[in-house]
Amino acid sequence: MLGLGLDRGKIGDIQLSETGAVMYVSNEVADFIQESLHEVGRTTVTAARHQDTADIKATGIMKRVTVASLRLDTVISTALHLSRTKAAALIDAEKVYVNWAIAKKTYQLAIGDIVTIRGAGRVRLDEIIGHTKKDRIAINIEIFA
């Protein structure tokens, strides 16, 4: 895709399946990609534009974890098994997005928020279960690799 000379900011996720791939791109480059993309590496491909993505569902791994707070850096460190310092460094390097917008480490997550960590995957806060006896917050997250 980048070989076509497109800006990385115009290209979103690519979901692979057994029969092909679905690529999410900005509307302004969709027609260009459809007309220009004929090969990926040495493989011949056909690009077609689809508006309806309701039948495409990404599934991840559901996990129940406990966190001290719903701060972005805390949830990322727990989900990816990183220290909070490393999670904060990813956020400061602008490699972390919440609902497709660059986020600050002090951002408080809410149910349904999708956290994208460039190069590491995506995490969705599925449910806030409640507080534990040690006053931590039990949450369900879905991790997409």
# chains A, B, ... in the order shown; residues from 1 in each chain; ligands from 1
>>> residues_around(residues="Trp100 (chain A)", least_positions_apart="4", cutoff="9 Å", atoms="only C-alpha atoms", output="ChimeraX atom specification")
/A:96,114-116
>>> write_last_selection(atoms="N, CA and C atoms", output="compact mmCIF listing (two decimals), in the first residue's frame")
# COMPACT_ATOMS: atom_id res chain seq x y z
N VAL A 96 -0.18 5.27 20.53
CA VAL A 96 -1.40 4.75 21.12
C VAL A 96 -2.57 5.66 20.76
N ILE A 114 -11.91 1.64 22.29
CA ILE A 114 -10.97 0.78 21.58
C ILE A 114 -9.62 1.46 21.59
N VAL A 115 -8.63 0.76 22.13
CA VAL A 115 -7.27 1.28 22.25
C VAL A 115 -6.42 0.56 21.22
N THR A 116 -5.82 1.32 20.31
CA THR A 116 -4.94 0.76 19.30
C THR A 116 -3.51 1.10 19.68
>>> select_by_dssp(residues="chain A", states="helix (DSSP H, G or I)", output="PyMOL selection string")
chain A and resi 2-4+8-10+27-36+72-80+84-92
>>> closest_residue(among="A:Gly3, A:Gly112, A:Gly121, A:Gly130", to="Leu37 (chain A)", atoms="only C-alpha atoms")
A:Gly3
>>> residues_around(residues="Lys86 (chain A)", least_positions_apart="5", cutoff="9 Å", atoms="only C-alpha atoms", output="list in words")
Asp73, Ser77 and Ile91 of chain A
>>> closest_residue(among="A:Ser83, A:Thr46, A:Thr66, A:Ser26", to="His131 (chain A)", atoms="only C-alpha atoms")
A:Thr66
>>> residues_around(residues="region 60-62 of chain A", least_positions_apart="4", cutoff="9 Å", atoms="only C-alpha atoms", output="JSON, numbers by chain")
{"A": [123, 126, 140, 141, 142, 143, 144, 145]}
>>> residues_around(residues="region 4-7 of chain A", least_positions_apart="2", cutoff="10 Å", atoms="only C-alpha atoms", output="JSON, numbers by chain")
{"A": [1, 2, 9, 10, 11, 29, 32, 33, 36, 37]}
>>> write_last_selection(atoms="C-alpha atoms", output="mmCIF file, in the first residue's frame")
data_model
loop_
_atom_site.group_PDB
_atom_site.id
_atom_site.type_symbol
_atom_site.label_atom_id
_atom_site.label_comp_id
_atom_site.auth_asym_id
_atom_site.auth_seq_id
_atom_site.Cartn_x
_atom_site.Cartn_y
_atom_site.Cartn_z
ATOM 1 C CA MET A 1 0.000 0.000 0.000
ATOM 2 C CA LEU A 2 2.746 2.419 0.871
ATOM 3 C CA GLY A 9 -2.576 8.156 7.899
ATOM 4 C CA LYS A 10 -5.024 7.280 5.108
ATOM 5 C CA ILE A 11 -4.627 3.535 5.619
ATOM 6 C CA VAL A 29 -8.081 7.247 -1.385
ATOM 7 C CA PHE A 32 -7.339 5.425 -6.200
ATOM 8 C CA ILE A 33 -6.545 2.111 -4.499
ATOM 9 C CA SER A 36 -4.113 1.290 -8.892
ATOM 10 C CA LEU A 37 -3.643 -1.787 -6.732
#
